[in-house]
Amino acid sequence: MSTLRNIALTVHELEEGEFYWVLMEGTDYAMEDALPYLPLKSATDPQSTYANALVAGVAAIRRMFGKEGPRA
């Protein structure tokens, strides 16, 4: 079985009341006391609430990776 990729979902409020989800992937770059992430995909259209953006981000993960999740 393939290994599970380290994917993180976050939400940013770029303008007041405009929330965007961002998917990031953990990297193997060495940093002291931190795990660096690189942007993988992000929303192009804002959501009106943090919760809506979070749900839209989870939906994006499901579309990208399917039922098996983000596997390498």
# chains A, B, ... in the order shown; residues from 1 in each chain; ligands from 1
>>> select_by_dssp(residues="region 28-70 of chain A", states="strand (DSSP E)", output="mmCIF file with all heavy atoms, in the first residue's frame")
data_model
loop_
_atom_site.group_PDB
_atom_site.id
_atom_site.type_symbol
_atom_site.label_atom_id
_atom_site.label_comp_id
_atom_site.auth_asym_id
_atom_site.auth_seq_id
_atom_site.Cartn_x
_atom_site.Cartn_y
_atom_site.Cartn_z
ATOM 1 N N TYR A 37 5.552 23.512 5.112
ATOM 2 C CA TYR A 37 4.511 23.142 4.155
ATOM 3 C C TYR A 37 4.617 24.049 2.938
ATOM 4 O O TYR A 37 4.959 25.219 3.059
ATOM 5 C CB TYR A 37 3.118 23.315 4.771
ATOM 6 C CG TYR A 37 2.740 22.236 5.737
ATOM 7 C CD1 TYR A 37 3.165 22.269 7.056
ATOM 8 C CD2 TYR A 37 1.955 21.164 5.333
ATOM 9 C CE1 TYR A 37 2.812 21.280 7.946
ATOM 10 C CE2 TYR A 37 1.591 20.158 6.213
ATOM 11 C CZ TYR A 37 2.023 20.232 7.520
ATOM 12 O OH TYR A 37 1.675 19.238 8.398
ATOM 13 N N LEU A 38 4.277 23.504 1.784
ATOM 14 C CA LEU A 38 4.227 24.277 0.541
ATOM 15 C C LEU A 38 2.792 24.284 0.030
ATOM 16 O O LEU A 38 2.089 23.269 0.117
ATOM 17 C CB LEU A 38 5.145 23.660 -0.511
ATOM 18 C CG LEU A 38 6.636 23.706 -0.203
ATOM 19 C CD1 LEU A 38 7.425 22.937 -1.260
ATOM 20 C CD2 LEU A 38 7.118 25.144 -0.130
ATOM 21 N N PRO A 39 2.324 25.407 -0.523
ATOM 22 C CA PRO A 39 0.967 25.460 -1.062
ATOM 23 C C PRO A 39 0.776 24.421 -2.171
ATOM 24 O O PRO A 39 1.650 24.220 -3.000
ATOM 25 C CB PRO A 39 0.858 26.876 -1.621
ATOM 26 C CG PRO A 39 1.926 27.652 -0.934
ATOM 27 C CD PRO A 39 3.024 26.674 -0.646
ATOM 28 N N LEU A 40 -0.368 23.770 -2.147
ATOM 29 C CA LEU A 40 -0.696 22.740 -3.128
ATOM 30 C C LEU A 40 -1.830 23.217 -4.043
ATOM 31 O O LEU A 40 -1.765 23.082 -5.253
ATOM 32 C CB LEU A 40 -1.097 21.461 -2.392
ATOM 33 C CG LEU A 40 -1.412 20.229 -3.190
ATOM 34 C CD1 LEU A 40 -0.196 19.755 -3.972
ATOM 35 C CD2 LEU A 40 -1.877 19.113 -2.249
ATOM 36 N N LYS A 41 -2.872 23.776 -3.440
ATOM 37 C CA LYS A 41 -4.038 24.259 -4.199
ATOM 38 C C LYS A 41 -4.794 25.221 -3.288
ATOM 39 O O LYS A 41 -4.784 25.063 -2.073
ATOM 40 C CB LYS A 41 -4.926 23.083 -4.596
ATOM 41 C CG LYS A 41 -6.053 23.455 -5.525
ATOM 42 C CD LYS A 41 -6.773 22.222 -6.025
ATOM 43 C CE LYS A 41 -7.919 22.614 -6.923
ATOM 44 N NZ LYS A 41 -7.633 22.462 -8.315
ATOM 45 N N SER A 42 -5.458 26.199 -3.894
ATOM 46 C CA SER A 42 -6.229 27.145 -3.086
ATOM 47 C C SER A 42 -7.495 27.565 -3.819
ATOM 48 O O SER A 42 -7.610 27.408 -5.033
ATOM 49 C CB SER A 42 -5.387 28.369 -2.738
ATOM 50 O OG SER A 42 -4.994 29.034 -3.912
#
>>> residues_around(residues="Gly69 (chain A)", least_positions_apart="4", cutoff="10 Å", atoms="only C-alpha atoms", output="PyMOL selection string")
chain A and resi 4-5+7+61-65
>>> residues_around(residues="region 49-59 of chain A", least_positions_apart="5", cutoff="8 Å", atoms="only C-alpha atoms", output="PyMOL selection string")
chain A and resi 9-11+13+17-23+43
>>> write_last_selection(atoms="all heavy atoms", output="mmCIF file, in the first residue's frame")
data_model
loop_
_atom_site.group_PDB
_atom_site.id
_atom_site.type_symbol
_atom_site.label_atom_id
_atom_site.label_comp_id
_atom_site.auth_asym_id
_atom_site.auth_seq_id
_atom_site.Cartn_x
_atom_site.Cartn_y
_atom_site.Cartn_z
ATOM 1 N N LEU A 9 -5.056 21.593 5.699
ATOM 2 C CA LEU A 9 -6.072 22.526 5.210
ATOM 3 C C LEU A 9 -6.115 23.712 6.158
ATOM 4 O O LEU A 9 -6.191 23.536 7.372
ATOM 5 C CB LEU A 9 -7.439 21.837 5.162
ATOM 6 C CG LEU A 9 -8.679 22.711 4.969
ATOM 7 C CD1 LEU A 9 -8.622 23.470 3.658
ATOM 8 C CD2 LEU A 9 -9.930 21.860 5.066
ATOM 9 N N THR A 10 -6.053 24.903 5.615
ATOM 10 C CA THR A 10 -6.174 26.108 6.420
ATOM 11 C C THR A 10 -7.103 27.083 5.715
ATOM 12 O O THR A 10 -7.401 26.917 4.528
ATOM 13 C CB THR A 10 -4.785 26.754 6.676
ATOM 14 O OG1 THR A 10 -4.926 27.811 7.625
ATOM 15 C CG2 THR A 10 -4.161 27.254 5.400
ATOM 16 N N VAL A 11 -7.566 28.073 6.457
ATOM 17 C CA VAL A 11 -8.453 29.100 5.901
ATOM 18 C C VAL A 11 -7.840 30.461 6.190
ATOM 19 O O VAL A 11 -7.401 30.729 7.310
ATOM 20 C CB VAL A 11 -9.869 28.999 6.518
ATOM 21 C CG1 VAL A 11 -10.737 30.170 6.073
ATOM 22 C CG2 VAL A 11 -10.517 27.674 6.146
ATOM 23 N N GLU A 13 -8.442 34.725 5.787
ATOM 24 C CA GLU A 13 -9.356 35.833 5.518
ATOM 25 C C GLU A 13 -8.518 36.945 4.890
ATOM 26 O O GLU A 13 -7.842 37.703 5.576
ATOM 27 C CB GLU A 13 -10.028 36.309 6.802
ATOM 28 C CG GLU A 13 -11.082 37.366 6.571
ATOM 29 C CD GLU A 13 -11.773 37.807 7.849
ATOM 30 O OE1 GLU A 13 -11.176 37.690 8.941
ATOM 31 O OE2 GLU A 13 -12.915 38.278 7.748
ATOM 32 N N GLY A 17 -14.415 39.424 5.717
ATOM 33 C CA GLY A 17 -15.588 38.697 5.240
ATOM 34 C C GLY A 17 -15.359 37.865 3.990
ATOM 35 O O GLY A 17 -16.314 37.341 3.429
ATOM 36 N N GLU A 18 -14.105 37.725 3.540
ATOM 37 C CA GLU A 18 -13.781 36.898 2.373
ATOM 38 C C GLU A 18 -12.791 35.822 2.795
ATOM 39 O O GLU A 18 -11.620 36.112 3.053
ATOM 40 C CB GLU A 18 -13.187 37.752 1.246
ATOM 41 C CG GLU A 18 -14.175 38.707 0.644
ATOM 42 C CD GLU A 18 -13.619 39.450 -0.560
ATOM 43 O OE1 GLU A 18 -12.431 39.284 -0.902
ATOM 44 O OE2 GLU A 18 -14.399 40.199 -1.172
ATOM 45 N N PHE A 19 -13.262 34.582 2.863
ATOM 46 C CA PHE A 19 -12.479 33.469 3.378
ATOM 47 C C PHE A 19 -12.103 32.505 2.254
ATOM 48 O O PHE A 19 -12.956 32.110 1.459
ATOM 49 C CB PHE A 19 -13.279 32.720 4.453
ATOM 50 C CG PHE A 19 -13.635 33.584 5.626
ATOM 51 C CD1 PHE A 19 -14.803 34.335 5.645
ATOM 52 C CD2 PHE A 19 -12.782 33.658 6.716
ATOM 53 C CE1 PHE A 19 -15.132 35.131 6.730
ATOM 54 C CE2 PHE A 19 -13.093 34.450 7.812
ATOM 55 C CZ PHE A 19 -14.270 35.187 7.810
ATOM 56 N N TYR A 20 -10.838 32.150 2.206
ATOM 57 C CA TYR A 20 -10.310 31.251 1.180
ATOM 58 C C TYR A 20 -9.668 30.040 1.847
ATOM 59 O O TYR A 20 -8.900 30.192 2.797
ATOM 60 C CB TYR A 20 -9.225 31.959 0.354
ATOM 61 C CG TYR A 20 -9.720 33.107 -0.463
ATOM 62 C CD1 TYR A 20 -9.896 34.365 0.091
ATOM 63 C CD2 TYR A 20 -9.999 32.940 -1.818
ATOM 64 C CE1 TYR A 20 -10.339 35.438 -0.671
ATOM 65 C CE2 TYR A 20 -10.438 34.001 -2.588
ATOM 66 C CZ TYR A 20 -10.612 35.243 -2.011
ATOM 67 O OH TYR A 20 -11.047 36.300 -2.769
ATOM 68 N N TRP A 21 -9.957 28.847 1.330
ATOM 69 C CA TRP A 21 -9.264 27.651 1.825
ATOM 70 C C TRP A 21 -7.956 27.505 1.062
ATOM 71 O O TRP A 21 -7.821 27.939 -0.079
ATOM 72 C CB TRP A 21 -10.125 26.395 1.687
ATOM 73 C CG TRP A 21 -10.637 26.118 0.298
ATOM 74 C CD1 TRP A 21 -11.855 26.450 -0.202
ATOM 75 C CD2 TRP A 21 -9.943 25.461 -0.773
ATOM 76 N NE1 TRP A 21 -11.962 26.047 -1.512
ATOM 77 C CE2 TRP A 21 -10.795 25.433 -1.893
ATOM 78 C CE3 TRP A 21 -8.686 24.890 -0.894
ATOM 79 C CZ2 TRP A 21 -10.431 24.866 -3.106
ATOM 80 C CZ3 TRP A 21 -8.317 24.331 -2.105
ATOM 81 C CH2 TRP A 21 -9.182 24.318 -3.189
ATOM 82 N N VAL A 22 -6.984 26.884 1.734
ATOM 83 C CA VAL A 22 -5.679 26.605 1.136
ATOM 84 C C VAL A 22 -5.251 25.208 1.548
ATOM 85 O O VAL A 22 -5.281 24.875 2.745
ATOM 86 C CB VAL A 22 -4.597 27.628 1.591
ATOM 87 C CG1 VAL A 22 -3.252 27.299 0.978
ATOM 88 C CG2 VAL A 22 -5.024 29.046 1.257
ATOM 89 N N LEU A 23 -4.893 24.376 0.574
ATOM 90 C CA LEU A 23 -4.322 23.060 0.851
ATOM 91 C C LEU A 23 -2.809 23.174 0.756
ATOM 92 O O LEU A 23 -2.281 23.787 -0.174
ATOM 93 C CB LEU A 23 -4.820 22.025 -0.156
ATOM 94 C CG LEU A 23 -6.319 21.775 -0.189
ATOM 95 C CD1 LEU A 23 -6.637 20.700 -1.230
ATOM 96 C CD2 LEU A 23 -6.841 21.373 1.174
ATOM 97 N N ALA A 43 -8.416 28.107 -3.047
ATOM 98 C CA ALA A 43 -9.679 28.583 -3.601
ATOM 99 C C ALA A 43 -9.432 29.792 -4.492
ATOM 100 O O ALA A 43 -8.564 30.617 -4.202
ATOM 101 C CB ALA A 43 -10.632 28.951 -2.481
#
>>> atom_distance(atom1="CA of Glu16 (chain A)", atom2="CA of Thr44 (chain A)")
16.1 Å
>>> atom_distance(atom1="CA of Pro70 (chain A)", atom2="CA of Ala8 (chain A)")
10.7 Å
>>> select_by_dssp(residues="region 16-67 of chain A", states="helix (DSSP H, G or I)", output="MDAnalysis selection string")
chainID A and resid 50:65
>>> write_last_selection(atoms="all heavy atoms", output="CSV table (one decimal), in the first residue's frame")
chain,number,residue,atom,x,y,z
A,50,TYR,N,-15.9,31.5,7.6
A,50,TYR,CA,-14.8,30.6,7.8
A,50,TYR,C,-15.3,29.1,7.7
A,50,TYR,O,-14.6,28.3,7.0
A,50,TYR,CB,-14.3,30.8,9.2
A,50,TYR,CG,-13.1,29.9,9.6
A,50,TYR,CD1,-11.8,30.4,9.4
A,50,TYR,CD2,-13.3,28.6,10.1
A,50,TYR,CE1,-10.7,29.6,9.8
A,50,TYR,CE2,-12.2,27.8,10.4
A,50,TYR,CZ,-11.0,28.3,10.3
A,50,TYR,OH,-9.9,27.5,10.6
A,51,ALA,N,-16.5,28.8,8.3
A,51,ALA,CA,-17.0,27.5,8.2
A,51,ALA,C,-17.2,27.0,6.8
A,51,ALA,O,-16.9,25.9,6.4
A,51,ALA,CB,-18.3,27.4,9.1
A,52,ASN,N,-17.8,27.9,6.0
A,52,ASN,CA,-18.1,27.5,4.6
A,52,ASN,C,-16.8,27.3,3.8
A,52,ASN,O,-16.7,26.4,3.0
A,52,ASN,CB,-18.9,28.6,3.9
A,52,ASN,CG,-20.3,28.7,4.3
A,52,ASN,OD1,-20.8,27.8,5.0
A,52,ASN,ND2,-21.0,29.7,3.9
A,53,ALA,N,-15.7,28.1,4.1
A,53,ALA,CA,-14.5,27.9,3.4
A,53,ALA,C,-13.8,26.6,3.9
A,53,ALA,O,-13.2,25.8,3.1
A,53,ALA,CB,-13.5,29.1,3.7
A,54,LEU,N,-14.0,26.2,5.2
A,54,LEU,CA,-13.4,25.0,5.7
A,54,LEU,C,-14.1,23.8,5.0
A,54,LEU,O,-13.4,22.8,4.5
A,54,LEU,CB,-13.6,24.9,7.2
A,54,LEU,CG,-12.9,23.8,7.9
A,54,LEU,CD1,-11.4,24.0,7.8
A,54,LEU,CD2,-13.2,23.9,9.4
A,55,VAL,N,-15.4,23.8,4.9
A,55,VAL,CA,-16.2,22.7,4.2
A,55,VAL,C,-15.8,22.6,2.8
A,55,VAL,O,-15.6,21.5,2.2
A,55,VAL,CB,-17.7,22.9,4.4
A,55,VAL,CG1,-18.5,22.0,3.5
A,55,VAL,CG2,-18.1,22.7,5.9
A,56,ALA,N,-15.6,23.8,2.1
A,56,ALA,CA,-15.2,23.8,0.7
A,56,ALA,C,-13.8,23.2,0.5
A,56,ALA,O,-13.5,22.5,-0.4
A,56,ALA,CB,-15.3,25.2,0.1
A,57,GLY,N,-12.9,23.5,1.5
A,57,GLY,CA,-11.6,22.9,1.4
A,57,GLY,C,-11.6,21.4,1.6
A,57,GLY,O,-10.9,20.7,0.9
A,58,VAL,N,-12.5,20.9,2.5
A,58,VAL,CA,-12.6,19.4,2.6
A,58,VAL,C,-13.1,18.8,1.3
A,58,VAL,O,-12.7,17.8,0.9
A,58,VAL,CB,-13.5,19.1,3.8
A,58,VAL,CG1,-13.8,17.6,3.9
A,58,VAL,CG2,-12.8,19.5,5.1
A,59,ALA,N,-14.1,19.5,0.7
A,59,ALA,CA,-14.7,19.0,-0.6
A,59,ALA,C,-13.6,19.0,-1.6
A,59,ALA,O,-13.5,18.0,-2.4
A,59,ALA,CB,-15.8,19.9,-1.0
A,60,ALA,N,-12.7,19.9,-1.6
A,60,ALA,CA,-11.6,20.0,-2.6
A,60,ALA,C,-10.6,18.8,-2.3
A,60,ALA,O,-10.2,18.1,-3.3
A,60,ALA,CB,-10.8,21.3,-2.5
A,61,ILE,N,-10.4,18.5,-1.1
A,61,ILE,CA,-9.5,17.3,-0.8
A,61,ILE,C,-10.2,16.0,-1.3
A,61,ILE,O,-9.5,15.2,-1.9
A,61,ILE,CB,-9.3,17.2,0.8
A,61,ILE,CG1,-8.4,18.3,1.2
A,61,ILE,CG2,-8.7,15.8,1.1
A,61,ILE,CD1,-8.2,18.4,2.7
A,62,ARG,N,-11.5,15.9,-1.1
A,62,ARG,CA,-12.2,14.7,-1.6
A,62,ARG,C,-12.2,14.6,-3.1
A,62,ARG,O,-12.0,13.5,-3.7
A,62,ARG,CB,-13.6,14.7,-1.1
A,62,ARG,CG,-13.7,14.4,0.4
A,62,ARG,CD,-15.2,14.4,0.8
A,62,ARG,NE,-15.2,14.0,2.2
A,62,ARG,CZ,-16.3,14.1,3.0
A,62,ARG,NH1,-17.4,14.6,2.5
A,62,ARG,NH2,-16.3,13.7,4.2
A,63,ARG,N,-12.3,15.7,-3.8
A,63,ARG,CA,-12.3,15.7,-5.3
A,63,ARG,C,-10.9,15.4,-5.7
A,63,ARG,O,-10.7,14.6,-6.7
A,63,ARG,CB,-12.6,17.1,-5.8
A,63,ARG,CG,-14.1,17.4,-5.8
A,63,ARG,CD,-14.5,18.6,-6.7
A,63,ARG,NE,-13.8,19.8,-6.2
A,63,ARG,CZ,-14.1,20.6,-5.3
A,63,ARG,NH1,-15.2,20.4,-4.6
A,63,ARG,NH2,-13.4,21.7,-5.0
A,64,MET,N,-9.8,15.9,-5.1
A,64,MET,CA,-8.5,15.6,-5.5
A,64,MET,C,-8.0,14.2,-5.3
A,64,MET,O,-7.3,13.6,-6.1
A,64,MET,CB,-7.5,16.6,-4.8
A,64,MET,CG,-7.6,18.0,-5.3
A,64,MET,SD,-6.5,19.1,-4.4
A,64,MET,CE,-4.9,18.5,-4.9
A,65,PHE,N,-8.4,13.7,-4.1
A,65,PHE,CA,-7.8,12.4,-3.7
A,65,PHE,C,-8.8,11.2,-3.6
A,65,PHE,O,-8.3,10.1,-3.3
A,65,PHE,CB,-7.1,12.6,-2.3
A,65,PHE,CG,-6.0,13.7,-2.4
A,65,PHE,CD1,-6.2,14.9,-1.7
A,65,PHE,CD2,-4.9,13.5,-3.2
A,65,PHE,CE1,-5.2,15.9,-1.8
A,65,PHE,CE2,-3.9,14.5,-3.3
A,65,PHE,CZ,-4.0,15.7,-2.5
>>> atom_distance(atom1="CA of Pro46 (chain A)", atom2="CA of Glu25 (chain A)")
21.2 Å
